[in-house]
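Before any comments, here is the structure.
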Amino acid sequence: MKKIKSKTIFWALIIIGIILAIISQNINNEILSSVSLFLGTSFMLISLFFLVKTGFENIIALIRYWFHKIKGDI
């Protein structure tokens, strides 16, 4: 089974959040509009976790590469 990358989850949640935020602007019912906007912003905020996670994974990979390069393995 193939693991889903953090970047894919980030972009999927951003797109879902944007779509829900746009839908909330077009709904006339105040409660549904508020719920849709809340869900949209929640998805976008959750996606920031995956963006930070991807950044840390890249930084750790770079440090490991430098360490192995200095050590002489590469």
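If you're wondering about the labels, chains in the structure tokens are A, B, ... by order shown, residues count from 1 in each chain, ligands from 1 in order shown.
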
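The residue set within 9 Å of stretch 45-48 of chain A, counting only C-alpha atoms and dropping same-chain residues fewer than 6 places from it, reads A:Ile9, A:Phe10, A:Trp11, A:Ala12, A:Leu13, A:Ile14, A:Gly17.
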
Residues within 12 Å of A:Ser24, only C-alpha atoms, excluding chain neighbours under 6 positions, as JSON, numbers by chain = {"A": [17, 18, 30, 31, 32, 33, 34, 35, 36, 37, 38, 39, 40, 41]}

Pull N, CA and C atoms from the residues just selected and write them as a compact mmCIF listing (two decimals), in the first residue's frame.
# COMPACT_ATOMS: atom_id res chain seq x y z
N GLY A 17 -10.96 23.40 1.70
CA GLY A 17 -11.23 24.59 2.50
C GLY A 17 -11.65 25.78 1.66
N ILE A 18 -10.99 25.98 0.54
CA ILE A 18 -11.33 27.10 -0.35
C ILE A 18 -12.72 26.90 -0.95
N GLU A 30 -28.09 31.75 7.14
CA GLU A 30 -26.99 32.23 8.00
C GLU A 30 -26.28 31.09 8.72
N ILE A 31 -27.03 30.11 9.21
CA ILE A 31 -26.42 28.99 9.94
C ILE A 31 -25.57 28.14 9.01
N LEU A 32 -26.11 27.77 7.86
CA LEU A 32 -25.34 26.96 6.91
C LEU A 32 -24.11 27.71 6.41
N SER A 33 -24.24 29.00 6.21
CA SER A 33 -23.11 29.81 5.76
C SER A 33 -22.01 29.83 6.82
N SER A 34 -22.41 30.00 8.08
CA SER A 34 -21.43 30.02 9.17
C SER A 34 -20.72 28.68 9.33
N VAL A 35 -21.50 27.60 9.25
CA VAL A 35 -20.93 26.25 9.39
C VAL A 35 -19.97 25.97 8.24
N SER A 36 -20.37 26.31 7.03
CA SER A 36 -19.51 26.08 5.87
C SER A 36 -18.22 26.90 5.95
N LEU A 37 -18.32 28.14 6.38
CA LEU A 37 -17.13 28.97 6.53
C LEU A 37 -16.23 28.43 7.64
N PHE A 38 -16.82 27.99 8.75
CA PHE A 38 -16.04 27.41 9.85
C PHE A 38 -15.31 26.15 9.39
N LEU A 39 -16.02 25.27 8.67
CA LEU A 39 -15.37 24.05 8.17
C LEU A 39 -14.26 24.37 7.18
N GLY A 40 -14.50 25.34 6.31
CA GLY A 40 -13.48 25.73 5.34
C GLY A 40 -12.22 26.25 6.00
N THR A 41 -12.38 27.13 6.96
CA THR A 41 -11.19 27.66 7.65
C THR A 41 -10.53 26.58 8.50

Would you kindly return, as a PyMOL selection string, each protein, DNA or RNA residue with an atom no farther than 10 Å from any atom of stretch 54-70 of chain A, considering only C-alpha atoms and excluding same-chain residues fewer than 4 positions away?
-> chain A and resi 5-7+10+48-50+74

Using N, CA, C and O atoms, can you export the residues from the last selection as a tab-separated table (two decimals), in the first residue's frame?
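Wrote selection-v5.tsv, looks like this:
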chain	number	residue	atom	x	y	z
A	5	LYS	N	1.58	11.25	0.60
A	5	LYS	CA	2.55	12.26	1.02
A	5	LYS	C	1.85	13.44	1.70
A	5	LYS	O	0.69	13.72	1.46
A	6	SER	N	2.62	14.12	2.55
A	6	SER	CA	2.08	15.26	3.29
A	6	SER	C	1.69	16.39	2.35
A	6	SER	O	0.72	17.12	2.62
A	7	LYS	N	2.42	16.56	1.26
A	7	LYS	CA	2.09	17.63	0.31
A	7	LYS	C	0.73	17.39	-0.32
A	7	LYS	O	-0.04	18.33	-0.54
A	10	PHE	N	-1.86	18.25	2.20
A	10	PHE	CA	-1.90	19.71	2.33
A	10	PHE	C	-2.74	20.33	1.22
A	10	PHE	O	-3.67	21.11	1.49
A	48	LEU	N	-2.17	23.47	7.38
A	48	LEU	CA	-0.90	24.10	7.75
A	48	LEU	C	0.00	23.14	8.53
A	48	LEU	O	1.23	23.19	8.41
A	49	PHE	N	-0.60	22.24	9.32
A	49	PHE	CA	0.17	21.23	10.02
A	49	PHE	C	0.96	20.38	9.03
A	49	PHE	O	2.14	20.08	9.24
A	50	PHE	N	0.31	19.97	7.94
A	50	PHE	CA	0.98	19.12	6.96
A	50	PHE	C	2.03	19.90	6.18
A	50	PHE	O	3.05	19.34	5.77
A	74	ILE	N	29.02	9.37	1.08
A	74	ILE	CA	28.52	9.73	-0.26
A	74	ILE	C	29.69	10.13	-1.14
A	74	ILE	O	30.55	10.87	-0.79

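If you look at atom CA of A:Lys53 and atom CA of A:Thr8, they are 12.1 Å away from each other.
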